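J.: This is upload_26.pdb, which holds PDB, C-alpha atoms, pLDDT in the B column:
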ATOM      1  CA  MET A  40      86.437 -14.350  64.963  1.00 47.00           C
ATOM      2  CA  SER A  41      87.861 -17.206  66.910  1.00 48.00           C
ATOM      3  CA  GLY A  42      90.101 -19.635  65.069  1.00 55.00           C
ATOM      4  CA  ASN A  43      88.793 -22.507  67.129  1.00 61.00           C
ATOM      5  CA  LEU A  44      85.097 -22.268  66.461  1.00 65.00           C
ATOM      6  CA  THR A  45      83.200 -25.167  67.970  1.00 69.00           C
ATOM      7  CA  LEU A  46      79.484 -25.429  67.438  1.00 72.00           C
ATOM      8  CA  ARG A  47      78.185 -27.423  70.344  1.00 73.00           C
ATOM      9  CA  GLN A  48      74.731 -26.974  71.716  1.00 75.00           C
ATOM     10  CA  PRO A  49      74.959 -26.873  75.488  1.00 74.00           C
ATOM     11  CA  MET A  50      72.881 -29.788  76.800  1.00 76.00           C
ATOM     12  CA  SER A  51      70.684 -29.509  79.820  1.00 79.00           C
ATOM     13  CA  THR A  52      71.489 -31.747  82.790  1.00 78.00           C
ATOM     14  CA  TRP A  53      67.892 -32.974  82.609  1.00 82.00           C
ATOM     15  CA  TRP A  54      67.814 -33.872  78.879  1.00 80.00           C
ATOM     16  CA  TRP A  55      66.871 -37.454  79.754  1.00 81.00           C
ATOM     17  CA  LEU A  56      63.543 -36.446  81.285  1.00 87.00           C
ATOM     18  CA  ARG A  57      62.222 -35.280  77.915  1.00 87.00           C
ATOM     19  CA  LYS A  58      61.513 -38.668  76.387  1.00 88.00           C
ATOM     20  CA  ARG A  59      60.550 -42.046  77.811  1.00 89.00           C
ATOM     21  CA  THR A  60      63.305 -43.857  75.883  1.00 88.00           C
ATOM     22  CA  TYR A  61      65.936 -41.424  77.218  1.00 87.00           C
ATOM     23  CA  PHE A  62      64.606 -41.958  80.732  1.00 89.00           C
ATOM     24  CA  VAL A  63      64.794 -45.759  80.450  1.00 89.00           C
ATOM     25  CA  PHE A  64      68.322 -45.427  79.040  1.00 88.00           C
ATOM     26  CA  VAL A  65      69.493 -43.383  82.029  1.00 87.00           C
ATOM     27  CA  MET A  66      67.723 -45.722  84.494  1.00 91.00           C
ATOM     28  CA  ARG A  67      69.448 -48.675  82.809  1.00 92.00           C
ATOM     29  CA  GLU A  68      72.829 -46.977  83.204  1.00 92.00           C
ATOM     30  CA  LEU A  69      72.016 -46.103  86.823  1.00 92.00           C
ATOM     31  CA  SER A  70      71.460 -49.810  87.564  1.00 95.00           C
ATOM     32  CA  SER A  71      75.272 -49.870  87.892  1.00 96.00           C
ATOM     33  CA  LEU A  72      74.977 -48.169  91.294  1.00 96.00           C
ATOM     34  CA  PHE A  73      72.702 -50.934  92.549  1.00 97.00           C
ATOM     35  CA  VAL A  74      74.997 -53.674  91.219  1.00 98.00           C
ATOM     36  CA  ALA A  75      77.736 -52.112  93.364  1.00 97.00           C
ATOM     37  CA  TRP A  76      75.313 -51.823  96.306  1.00 98.00           C
ATOM     38  CA  TYR A  77      74.504 -55.541  96.192  1.00 98.00           C
ATOM     39  CA  VAL A  78      78.191 -56.465  96.045  1.00 98.00           C
ATOM     40  CA  LEU A  79      78.679 -54.391  99.209  1.00 98.00           C
ATOM     41  CA  PHE A  80      75.577 -55.939 100.809  1.00 98.00           C
ATOM     42  CA  LEU A  81      76.758 -59.484 100.035  1.00 98.00           C
ATOM     43  CA  LEU A  82      80.245 -58.706 101.372  1.00 98.00           C
ATOM     44  CA  LEU A  83      78.690 -57.501 104.640  1.00 98.00           C
ATOM     45  CA  LEU A  84      76.776 -60.789 104.767  1.00 98.00           C
ATOM     46  CA  VAL A  85      79.981 -62.796 104.226  1.00 97.00           C
ATOM     47  CA  ARG A  86      81.722 -60.810 106.976  1.00 97.00           C
ATOM     48  CA  ALA A  87      78.821 -61.450 109.359  1.00 97.00           C
ATOM     49  CA  VAL A  88      78.908 -65.196 108.594  1.00 97.00           C
ATOM     50  CA  ASP A  89      82.636 -65.168 109.321  1.00 96.00           C
ATOM     51  CA  ARG A  90      82.181 -63.369 112.651  1.00 96.00           C
ATOM     52  CA  GLY A  91      79.746 -65.841 114.191  1.00 95.00           C
ATOM     53  CA  ASP A  92      76.126 -66.549 115.091  1.00 97.00           C
ATOM     54  CA  ALA A  93      75.477 -63.223 116.819  1.00 97.00           C
ATOM     55  CA  ALA A  94      76.880 -61.185 113.921  1.00 97.00           C
ATOM     56  CA  TYR A  95      74.820 -63.233 111.437  1.00 97.00           C
ATOM     57  CA  ALA A  96      71.629 -62.663 113.455  1.00 97.00           C
ATOM     58  CA  ASP A  97      72.450 -58.946 113.669  1.00 97.00           C
ATOM     59  CA  PHE A  98      72.948 -58.818 109.901  1.00 98.00           C
ATOM     60  CA  LEU A  99      69.530 -60.406 109.272  1.00 97.00           C
ATOM     61  CA  ASP A 100      67.925 -57.916 111.696  1.00 96.00           C
ATOM     62  CA  TRP A 101      69.658 -54.992 109.990  1.00 98.00           C
ATOM     63  CA  ALA A 102      68.680 -56.305 106.539  1.00 98.00           C
ATOM     64  CA  GLY A 103      65.071 -56.554 107.736  1.00 97.00           C
ATOM     65  CA  SER A 104      64.908 -52.954 108.993  1.00 97.00           C
ATOM     66  CA  PRO A 105      62.485 -50.735 107.015  1.00 97.00           C
ATOM     67  CA  VAL A 106      65.121 -48.446 105.463  1.00 97.00           C
ATOM     68  CA  ILE A 107      67.299 -51.292 104.212  1.00 98.00           C
ATOM     69  CA  VAL A 108      64.264 -53.224 102.927  1.00 98.00           C
ATOM     70  CA  ALA A 109      63.108 -50.086 101.055  1.00 98.00           C
ATOM     71  CA  ILE A 110      66.570 -49.645  99.498  1.00 98.00           C
ATOM     72  CA  ASN A 111      66.663 -53.329  98.569  1.00 98.00           C
ATOM     73  CA  VAL A 112      63.211 -53.286  96.945  1.00 98.00           C
ATOM     74  CA  VAL A 113      64.303 -50.365  94.734  1.00 98.00           C
ATOM     75  CA  ALA A 114      67.676 -52.019  94.107  1.00 98.00           C
ATOM     76  CA  PHE A 115      65.975 -55.295  93.129  1.00 98.00           C
ATOM     77  CA  ALA A 116      63.832 -53.460  90.557  1.00 97.00           C
ATOM     78  CA  PHE A 117      67.008 -51.954  89.067  1.00 97.00           C
ATOM     79  CA  ILE A 118      68.652 -55.393  88.939  1.00 98.00           C
ATOM     80  CA  VAL A 119      65.642 -56.791  87.052  1.00 98.00           C
ATOM     81  CA  LEU A 120      65.898 -53.828  84.653  1.00 96.00           C
ATOM     82  CA  HIS A 121      69.613 -54.574  84.206  1.00 97.00           C
ATOM     83  CA  THR A 122      68.977 -58.266  83.495  1.00 97.00           C
ATOM     84  CA  VAL A 123      66.149 -57.654  81.012  1.00 96.00           C
ATOM     85  CA  THR A 124      67.977 -54.881  79.108  1.00 95.00           C
ATOM     86  CA  TRP A 125      71.317 -56.723  79.145  1.00 96.00           C
ATOM     87  CA  PHE A 126      69.746 -59.875  77.683  1.00 95.00           C
ATOM     88  CA  SER A 127      67.851 -57.985  74.989  1.00 93.00           C
ATOM     89  CA  LEU A 128      70.961 -56.044  73.911  1.00 91.00           C
ATOM     90  CA  THR A 129      73.207 -59.115  73.644  1.00 90.00           C
ATOM     91  CA  PRO A 130      72.122 -60.105  70.086  1.00 88.00           C
ATOM     92  CA  GLN A 131      73.152 -56.611  68.925  1.00 86.00           C
ATOM     93  CA  ALA A 132      76.550 -56.845  70.588  1.00 83.00           C
ATOM     94  CA  MET A 133      77.300 -60.461  69.659  1.00 80.00           C
ATOM     95  CA  ASP A 134      77.330 -62.034  66.210  1.00 79.00           C
ATOM     96  CA  LEU A 135      76.841 -65.670  67.151  1.00 83.00           C
ATOM     97  CA  ARG A 136      77.129 -68.240  64.386  1.00 85.00           C
ATOM     98  CA  VAL A 137      76.510 -71.970  64.427  1.00 84.00           C
ATOM     99  CA  GLY A 138      77.765 -73.860  61.370  1.00 86.00           C
ATOM    100  CA  GLY A 139      78.336 -70.568  59.558  1.00 86.00           C
ATOM    101  CA  ARG A 140      74.733 -69.434  60.024  1.00 88.00           C
ATOM    102  CA  PRO A 141      73.856 -66.505  62.267  1.00 87.00           C
ATOM    103  CA  VAL A 142      71.804 -67.497  65.311  1.00 88.00           C
ATOM    104  CA  PRO A 143      68.549 -65.471  65.394  1.00 89.00           C
ATOM    105  CA  GLY A 144      68.357 -62.818  68.095  1.00 89.00           C
ATOM    106  CA  TRP A 145      65.398 -64.395  69.877  1.00 91.00           C
ATOM    107  CA  GLN A 146      67.312 -67.643  70.311  1.00 91.00           C
ATOM    108  CA  ILE A 147      70.241 -65.815  71.942  1.00 92.00           C
ATOM    109  CA  ILE A 148      67.787 -64.075  74.281  1.00 94.00           C
ATOM    110  CA  ALA A 149      65.945 -67.329  75.078  1.00 95.00           C
ATOM    111  CA  GLY A 150      69.290 -69.031  75.741  1.00 94.00           C
ATOM    112  CA  GLN A 151      70.194 -66.386  78.290  1.00 95.00           C
ATOM    113  CA  TYR A 152      66.880 -66.774  80.121  1.00 97.00           C
ATOM    114  CA  ALA A 153      67.490 -70.529  80.198  1.00 97.00           C
ATOM    115  CA  GLY A 154      70.916 -69.770  81.706  1.00 97.00           C
ATOM    116  CA  LEU A 155      69.303 -67.453  84.252  1.00 98.00           C
ATOM    117  CA  ALA A 156      66.826 -70.185  85.261  1.00 98.00           C
ATOM    118  CA  LEU A 157      69.647 -72.720  85.628  1.00 98.00           C
ATOM    119  CA  VAL A 158      71.886 -70.403  87.672  1.00 98.00           C
ATOM    120  CA  SER A 159      68.980 -69.270  89.881  1.00 98.00           C
ATOM    121  CA  GLY A 160      67.881 -72.871  90.500  1.00 98.00           C
ATOM    122  CA  PHE A 161      71.418 -73.910  91.416  1.00 98.00           C
ATOM    123  CA  VAL A 162      72.024 -70.987  93.807  1.00 97.00           C
ATOM    124  CA  TRP A 163      68.604 -71.467  95.424  1.00 97.00           C
ATOM    125  CA  TRP A 164      69.312 -75.186  95.932  1.00 97.00           C
ATOM    126  CA  LEU A 165      72.840 -74.580  97.249  1.00 97.00           C
ATOM    127  CA  VAL A 166      71.734 -71.963  99.779  1.00 97.00           C
ATOM    128  CA  THR A 167      68.490 -73.532 101.049  1.00 95.00           C
ATOM    129  CA  ARG A 168      69.235 -77.255 100.945  1.00 89.00           C
TER     130      ARG A 168
ATOM    131  CA  MET B 467      99.814 -46.350  74.584  1.00 45.00           C
ATOM    132  CA  THR B 468      98.928 -47.774  77.963  1.00 55.00           C
ATOM    133  CA  ARG B 469      95.511 -46.262  77.496  1.00 61.00           C
ATOM    134  CA  ARG B 470      94.959 -48.286  74.315  1.00 66.00           C
ATOM    135  CA  ARG B 471      96.095 -51.490  75.950  1.00 76.00           C
ATOM    136  CA  ILE B 472      93.936 -51.031  79.002  1.00 78.00           C
ATOM    137  CA  GLU B 473      90.731 -49.861  77.317  1.00 79.00           C
ATOM    138  CA  PRO B 474      89.777 -53.234  75.672  1.00 84.00           C
ATOM    139  CA  LEU B 475      90.485 -55.011  78.957  1.00 85.00           C
ATOM    140  CA  VAL B 476      88.132 -52.663  80.801  1.00 85.00           C
ATOM    141  CA  TRP B 477      85.414 -53.219  78.183  1.00 86.00           C
ATOM    142  CA  LEU B 478      85.857 -56.987  78.413  1.00 89.00           C
ATOM    143  CA  THR B 479      85.583 -56.866  82.204  1.00 92.00           C
ATOM    144  CA  PHE B 480      82.581 -54.549  81.850  1.00 93.00           C
ATOM    145  CA  SER B 481      80.815 -57.162  79.684  1.00 93.00           C
ATOM    146  CA  GLY B 482      81.797 -60.025  81.962  1.00 94.00           C
ATOM    147  CA  GLY B 483      80.477 -58.117  84.945  1.00 96.00           C
ATOM    148  CA  GLY B 484      77.259 -57.296  83.097  1.00 96.00           C
ATOM    149  CA  VAL B 485      76.624 -60.965  82.334  1.00 96.00           C
ATOM    150  CA  THR B 486      77.513 -62.021  85.884  1.00 97.00           C
ATOM    151  CA  ALA B 487      75.204 -59.400  87.417  1.00 97.00           C
ATOM    152  CA  ALA B 488      72.363 -60.318  85.030  1.00 97.00           C
ATOM    153  CA  MET B 489      72.664 -64.053  85.785  1.00 98.00           C
ATOM    154  CA  PHE B 490      73.518 -64.157  89.506  1.00 98.00           C
ATOM    155  CA  LEU B 491      72.218 -61.018  91.171  1.00 98.00           C
ATOM    156  CA  PRO B 492      68.461 -61.586  90.740  1.00 98.00           C
ATOM    157  CA  VAL B 493      68.491 -64.812  92.780  1.00 98.00           C
ATOM    158  CA  LEU B 494      71.118 -63.622  95.306  1.00 98.00           C
ATOM    159  CA  ALA B 495      69.326 -60.314  95.861  1.00 98.00           C
ATOM    160  CA  PHE B 496      65.921 -61.972  96.122  1.00 98.00           C
ATOM    161  CA  LEU B 497      67.075 -64.535  98.683  1.00 98.00           C
ATOM    162  CA  PHE B 498      69.466 -62.526 100.854  1.00 98.00           C
ATOM    163  CA  ALA B 499      68.032 -59.014 100.561  1.00 98.00           C
ATOM    164  CA  LEU B 500      64.299 -59.795 100.515  1.00 97.00           C
ATOM    165  CA  ALA B 501      63.175 -63.359 101.237  1.00 97.00           C
ATOM    166  CA  PHE B 502      65.402 -64.142 104.252  1.00 97.00           C
ATOM    167  CA  PRO B 503      65.302 -60.761 106.060  1.00 96.00           C
ATOM    168  CA  LEU B 504      61.524 -60.505 105.568  1.00 95.00           C
ATOM    169  CA  GLY B 505      60.990 -64.078 106.730  1.00 94.00           C
ATOM    170  CA  LEU B 506      59.337 -65.212 103.464  1.00 96.00           C
ATOM    171  CA  ILE B 507      61.696 -68.190 103.511  1.00 96.00           C
ATOM    172  CA  THR B 508      63.488 -69.533 106.595  1.00 96.00           C
ATOM    173  CA  PRO B 509      67.083 -68.242 106.418  1.00 96.00           C
ATOM    174  CA  PRO B 510      69.827 -70.877 106.178  1.00 97.00           C
ATOM    175  CA  SER B 511      71.850 -71.492 109.326  1.00 97.00           C
ATOM    176  CA  ARG B 512      75.110 -69.619 109.721  1.00 97.00           C
ATOM    177  CA  ALA B 513      76.955 -72.963 109.789  1.00 96.00           C
ATOM    178  CA  HIS B 514      75.527 -73.925 106.389  1.00 97.00           C
ATOM    179  CA  LEU B 515      76.605 -70.622 104.796  1.00 97.00           C
ATOM    180  CA  PHE B 516      79.996 -70.915 106.480  1.00 96.00           C
ATOM    181  CA  ASP B 517      80.483 -74.368 104.927  1.00 96.00           C
ATOM    182  CA  ILE B 518      79.674 -72.996 101.466  1.00 96.00           C
ATOM    183  CA  LEU B 519      82.016 -70.015 101.907  1.00 96.00           C
ATOM    184  CA  HIS B 520      84.773 -72.187 103.341  1.00 94.00           C
ATOM    185  CA  ASN B 521      85.112 -74.038 100.038  1.00 94.00           C
ATOM    186  CA  PRO B 522      88.080 -72.842  97.892  1.00 94.00           C
ATOM    187  CA  LEU B 523      85.906 -72.980  94.770  1.00 95.00           C
ATOM    188  CA  THR B 524      83.382 -70.592  96.350  1.00 96.00           C
ATOM    189  CA  PHE B 525      86.232 -68.253  97.281  1.00 96.00           C
ATOM    190  CA  LEU B 526      87.520 -68.138  93.700  1.00 96.00           C
ATOM    191  CA  VAL B 527      84.081 -67.849  92.089  1.00 97.00           C
ATOM    192  CA  LEU B 528      82.820 -65.128  94.444  1.00 97.00           C
ATOM    193  CA  LEU B 529      86.063 -63.140  94.283  1.00 97.00           C
ATOM    194  CA  GLY B 530      85.933 -63.221  90.461  1.00 97.00           C
ATOM    195  CA  MET B 531      82.224 -62.349  90.406  1.00 97.00           C
ATOM    196  CA  PHE B 532      82.510 -59.471  92.859  1.00 98.00           C
ATOM    197  CA  THR B 533      85.546 -58.022  91.069  1.00 97.00           C
ATOM    198  CA  VAL B 534      84.046 -58.035  87.565  1.00 97.00           C
ATOM    199  CA  MET B 535      80.701 -56.710  88.843  1.00 97.00           C
ATOM    200  CA  LEU B 536      82.483 -53.811  90.584  1.00 97.00           C
ATOM    201  CA  VAL B 537      84.463 -52.960  87.428  1.00 96.00           C
ATOM    202  CA  HIS B 538      81.223 -53.197  85.451  1.00 96.00           C
ATOM    203  CA  ALA B 539      79.490 -50.806  87.849  1.00 96.00           C
ATOM    204  CA  ALA B 540      82.437 -48.377  87.908  1.00 95.00           C
ATOM    205  CA  HIS B 541      82.733 -48.273  84.122  1.00 93.00           C
ATOM    206  CA  ARG B 542      79.033 -47.803  83.542  1.00 93.00           C
ATOM    207  CA  PHE B 543      78.591 -45.227  86.300  1.00 93.00           C
ATOM    208  CA  ARG B 544      81.560 -43.281  84.936  1.00 91.00           C
ATOM    209  CA  TYR B 545      79.799 -42.879  81.586  1.00 89.00           C
ATOM    210  CA  THR B 546      76.468 -42.146  83.288  1.00 87.00           C
ATOM    211  CA  LEU B 547      78.123 -39.155  84.953  1.00 87.00           C
ATOM    212  CA  TYR B 548      79.766 -38.002  81.688  1.00 83.00           C
ATOM    213  CA  ASP B 549      76.787 -38.480  79.388  1.00 77.00           C
ATOM    214  CA  GLY B 550      73.830 -38.435  81.716  1.00 72.00           C
ATOM    215  CA  LEU B 551      74.704 -35.608  84.062  1.00 73.00           C
ATOM    216  CA  GLN B 552      77.076 -33.927  81.572  1.00 74.00           C
ATOM    217  CA  LEU B 553      79.800 -33.701  84.200  1.00 77.00           C
ATOM    218  CA  LYS B 554      83.161 -32.687  82.814  1.00 77.00           C
ATOM    219  CA  TRP B 555      85.625 -33.603  85.579  1.00 82.00           C
ATOM    220  CA  THR B 556      86.729 -36.507  83.423  1.00 83.00           C
ATOM    221  CA  TRP B 557      89.866 -37.793  85.117  1.00 87.00           C
ATOM    222  CA  GLN B 558      88.622 -37.134  88.646  1.00 89.00           C
ATOM    223  CA  ILE B 559      85.491 -39.206  87.926  1.00 91.00           C
ATOM    224  CA  ALA B 560      87.561 -42.003  86.390  1.00 90.00           C
ATOM    225  CA  VAL B 561      89.892 -42.114  89.406  1.00 93.00           C
ATOM    226  CA  ILE B 562      86.977 -42.210  91.869  1.00 93.00           C
ATOM    227  CA  CYS B 563      85.050 -44.875  89.906  1.00 93.00           C
ATOM    228  CA  TYR B 564      87.901 -47.282  89.150  1.00 93.00           C
ATOM    229  CA  GLY B 565      89.606 -46.524  92.457  1.00 94.00           C
ATOM    230  CA  GLY B 566      86.370 -47.447  94.235  1.00 95.00           C
ATOM    231  CA  ALA B 567      86.145 -50.686  92.247  1.00 96.00           C
ATOM    232  CA  LEU B 568      89.747 -51.609  93.085  1.00 95.00           C
ATOM    233  CA  PHE B 569      89.212 -50.810  96.760  1.00 96.00           C
ATOM    234  CA  GLY B 570      86.062 -52.962  96.700  1.00 96.00           C
ATOM    235  CA  ALA B 571      87.891 -55.842  95.016  1.00 96.00           C
ATOM    236  CA  ALA B 572      90.675 -55.662  97.614  1.00 96.00           C
ATOM    237  CA  SER B 573      88.069 -55.640 100.415  1.00 96.00           C
ATOM    238  CA  ALA B 574      86.378 -58.650  98.800  1.00 96.00           C
ATOM    239  CA  PHE B 575      89.720 -60.476  98.803  1.00 96.00           C
ATOM    240  CA  VAL B 576      90.232 -59.745 102.507  1.00 96.00           C
ATOM    241  CA  ILE B 577      86.643 -60.565 103.569  1.00 96.00           C
ATOM    242  CA  LEU B 578      86.250 -63.725 101.449  1.00 95.00           C
ATOM    243  CA  GLY B 579      89.784 -64.764 102.367  1.00 93.00           C
ATOM    244  CA  GLY B 580      88.884 -64.365 106.055  1.00 89.00           C
ATOM    245  CA  VAL B 581      86.162 -67.006 105.854  1.00 87.00           C
ATOM    246  CA  PHE B 582      88.097 -69.250 103.523  1.00 77.00           C
TER     247      PHE B 582
END
Show the structure stored in the file as structure tokens.
T.:
Amino acid sequence: MSGNLTLRQPMSTWWWLRKRTYFVFVMRELSSLFVAWYVLFLLLLVRAVDRGDAAYADFLDWAGSPVIVAINVVAFAFIVLHTVTWFSLTPQAMDLRVGGRPVPGWQIIAGQYAGLALVSGFVWWLVTR
Amino acid sequence: MTRRRIEPLVWLTFSGGGVTAAMFLPVLAFLFALAFPLGLITPPSRAHLFDILHNPLTFLVLLGMFTVMLVHAAHRFRYTLYDGLQLKWTWQIAVICYGGALFGAASAFVILGGVF
């Protein structure tokens, strides 16, 4: 008999395909890849803007090519998943109190959507004005 | 000991990056990755974007945003590989994930600094 007896069930690599909630959990975690992708994408945009009119036009052409558009449509869906799940988990991670009273979860969530609307409106205005 | 001091900082950056990505990426991704390249909205001129990026405040804000979002992504992806795919090369994964984030942050500094 081994002195160091550990009872651990080996888990399948595909355990997360068994249940819908597991699947959503893994998709939510995978959104991290697409956050990194968009940072890279935006940095390439900044570099193109720095390099001049031709580079900027080339960037827009590249970004409009079918493969990149397909990647970006998928990536956008993952970003929406990230935003929705992040907002709905915040009340569980944060114990917000105003005047000693806990703020109800739905108010924290609503506050974040208000923040999202404000930020989106500002960025949209700044970029397209 | 270093591990204990660094861990809360990584979690804090992870949260900051999560909030930043949730608030800023939907509009940035929609405009620059979909609406402008597909011609749904007329893209801004290069000069207009250059003016925005030339501002020191934009430099600081974007550098901070990009850095925390990369740390967020690295931290979360690290645990996706551990827990999701049950990969056991723990330190190798950590080095690749955080190393990638640091490399990205340094690149962001160089690229944003170039315009600014």
J.: Can you check which parts of chain A lie within 8 Å of chain B? Per residue, the shortest pair of atoms and distance in Å to one decimal, counting only C-alpha atoms, sorted by chain and number, as a Markdown table.
T.:
| residue | atom | partner | partner_atom | distance |
| --- | --- | --- | --- | --- |
| A:Met50 | CA | B:Gln552 | CA | 7.6 |
| A:Ser51 | CA | B:Gln552 | CA | 8.0 |
| A:Thr52 | CA | B:Leu551 | CA | 5.2 |
| A:Trp53 | CA | B:Leu551 | CA | 7.4 |
| A:Trp55 | CA | B:Gly550 | CA | 7.3 |
| A:Val65 | CA | B:Gly550 | CA | 6.6 |
| A:Glu68 | CA | B:Thr546 | CA | 6.0 |
| A:Leu69 | CA | B:Phe543 | CA | 6.7 |
| A:Ser71 | CA | B:Ala539 | CA | 4.3 |
| A:Leu72 | CA | B:Ala539 | CA | 6.3 |
| A:Val74 | CA | B:Ala539 | CA | 6.3 |
| A:Ala75 | CA | B:Leu536 | CA | 5.8 |
| A:Tyr77 | CA | B:Ala495 | CA | 7.1 |
| A:Val78 | CA | B:Phe532 | CA | 6.2 |
| A:Leu79 | CA | B:Gly570 | CA | 7.9 |
| A:Leu81 | CA | B:Phe498 | CA | 7.9 |
| A:Leu82 | CA | B:Ala574 | CA | 6.7 |
| A:Val85 | CA | B:Leu578 | CA | 6.9 |
| A:Arg86 | CA | B:Ile577 | CA | 6.0 |
| A:Val88 | CA | B:Arg512 | CA | 5.9 |
| A:Asp89 | CA | B:Val581 | CA | 5.3 |
| A:Gly91 | CA | B:Arg512 | CA | 7.5 |
| A:Asp92 | CA | B:Arg512 | CA | 6.3 |
| A:Tyr95 | CA | B:Arg512 | CA | 6.6 |
| A:Leu99 | CA | B:Pro503 | CA | 5.3 |
| A:Asp100 | CA | B:Pro503 | CA | 6.8 |
| A:Ala102 | CA | B:Pro503 | CA | 5.6 |
| A:Gly103 | CA | B:Pro503 | CA | 4.5 |
| A:Val108 | CA | B:Leu500 | CA | 7.0 |
| A:Asn111 | CA | B:Ala499 | CA | 6.2 |
| A:Val112 | CA | B:Leu500 | CA | 7.5 |
| A:Phe115 | CA | B:Ala495 | CA | 6.6 |
| A:Ile118 | CA | B:Pro492 | CA | 6.5 |
| A:Val119 | CA | B:Pro492 | CA | 6.7 |
| A:His121 | CA | B:Ala488 | CA | 6.4 |
| A:Thr122 | CA | B:Ala488 | CA | 4.2 |
| A:Val123 | CA | B:Ala488 | CA | 7.9 |
| A:Trp125 | CA | B:Ala488 | CA | 7.0 |
| A:Phe126 | CA | B:Ala488 | CA | 7.8 |
| A:Gly154 | CA | B:Met489 | CA | 7.2 |
| A:Leu155 | CA | B:Met489 | CA | 5.0 |
| A:Val158 | CA | B:Met489 | CA | 6.7 |
| A:Ser159 | CA | B:Val493 | CA | 5.3 |
| A:Val162 | CA | B:Val493 | CA | 7.2 |
| A:Trp163 | CA | B:Val493 | CA | 7.2 |
| A:Val166 | CA | B:Pro510 | CA | 6.8 |
| A:Thr167 | CA | B:Pro510 | CA | 5.9 |
J.: Using Å and a single decimal, report how far atom CA of Leu120 of chain A sits from atom CA of Phe64 of chain A.
T.: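 Separating atom CA of Phe64 of chain A from atom CA of Leu120 of chain A is a distance of 10.4 Å.
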J.: Take the PyMOL selection byres ((chain A and resi 127-132) around 8), run it mentally on this structure, and tell me the resulting residues as a VMD selection string.
T.: chain A and resid 123 to 126 133 to 135 143 to 145 147 to 148
J.: Just to confirm, what's the straight-line distance from atom CA of Val534 of chain B to atom CA of Gly482 of chain B in Å (one decimal)?
T.: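 Going from atom CA of Val534 of chain B over to atom CA of Gly482 of chain B covers 6.4 Å.
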J.: In Å, rounded to a single decimal, give me how far atom CA of Phe117 of chain A is from atom CA of Gly150 of chain A.
T.: 21.8 Å
J.: Could you give me the centre and size, in Å to one decimal, of an axis-aligned box around all listed atoms of segment 519-538 of chain B with 8 Å added on every side, as JSON?
T.:
{"center_x": 84.4, "center_y": -63.5, "center_z": 94.4, "size_x": 23.4, "size_y": 37.1, "size_z": 33.9}
J.: Please, could N, CA and C atoms be added to segment 515-526 of chain B and the result written as a PDB file, in the frame of the given file?
T.:
ATOM      1  N   LEU B 515      75.969 -71.633 105.647  1.00 97.00           N
ATOM      2  CA  LEU B 515      76.605 -70.622 104.796  1.00 97.00           C
ATOM      3  C   LEU B 515      78.122 -70.643 104.971  1.00 97.00           C
ATOM      4  N   PHE B 516      78.558 -70.860 106.206  1.00 96.00           N
ATOM      5  CA  PHE B 516      79.996 -70.915 106.480  1.00 96.00           C
ATOM      6  C   PHE B 516      80.639 -72.061 105.695  1.00 96.00           C
ATOM      7  N   ASP B 517      79.959 -73.219 105.678  1.00 96.00           N
ATOM      8  CA  ASP B 517      80.483 -74.368 104.927  1.00 96.00           C
ATOM      9  C   ASP B 517      80.641 -74.035 103.450  1.00 96.00           C
ATOM     10  N   ILE B 518      79.617 -73.365 102.891  1.00 96.00           N
ATOM     11  CA  ILE B 518      79.674 -72.996 101.466  1.00 96.00           C
ATOM     12  C   ILE B 518      80.850 -72.046 101.222  1.00 96.00           C
ATOM     13  N   LEU B 519      80.981 -71.041 102.101  1.00 96.00           N
ATOM     14  CA  LEU B 519      82.016 -70.015 101.907  1.00 96.00           C
ATOM     15  C   LEU B 519      83.418 -70.540 102.192  1.00 96.00           C
ATOM     16  N   HIS B 520      83.495 -71.619 102.958  1.00 94.00           N
ATOM     17  CA  HIS B 520      84.773 -72.187 103.341  1.00 94.00           C
ATOM     18  C   HIS B 520      85.420 -72.960 102.189  1.00 94.00           C
ATOM     19  N   ASN B 521      84.624 -73.279 101.188  1.00 94.00           N
ATOM     20  CA  ASN B 521      85.112 -74.038 100.038  1.00 94.00           C
ATOM     21  C   ASN B 521      85.996 -73.165  99.134  1.00 94.00           C
ATOM     22  N   PRO B 522      87.192 -73.663  98.735  1.00 94.00           N
ATOM     23  CA  PRO B 522      88.080 -72.842  97.892  1.00 94.00           C
ATOM     24  C   PRO B 522      87.429 -72.424  96.569  1.00 94.00           C
ATOM     25  N   LEU B 523      86.565 -73.300  96.036  1.00 95.00           N
ATOM     26  CA  LEU B 523      85.906 -72.980  94.770  1.00 95.00           C
ATOM     27  C   LEU B 523      84.989 -71.765  94.946  1.00 95.00           C
ATOM     28  N   THR B 524      84.251 -71.733  96.068  1.00 96.00           N
ATOM     29  CA  THR B 524      83.382 -70.592  96.350  1.00 96.00           C
ATOM     30  C   THR B 524      84.202 -69.318  96.455  1.00 96.00           C
ATOM     31  N   PHE B 525      85.354 -69.416  97.130  1.00 96.00           N
ATOM     32  CA  PHE B 525      86.232 -68.253  97.281  1.00 96.00           C
ATOM     33  C   PHE B 525      86.612 -67.697  95.910  1.00 96.00           C
ATOM     34  N   LEU B 526      87.077 -68.584  95.023  1.00 96.00           N
ATOM     35  CA  LEU B 526      87.520 -68.138  93.700  1.00 96.00           C
ATOM     36  C   LEU B 526      86.361 -67.557  92.884  1.00 96.00           C
TER      37      LEU B 526
END
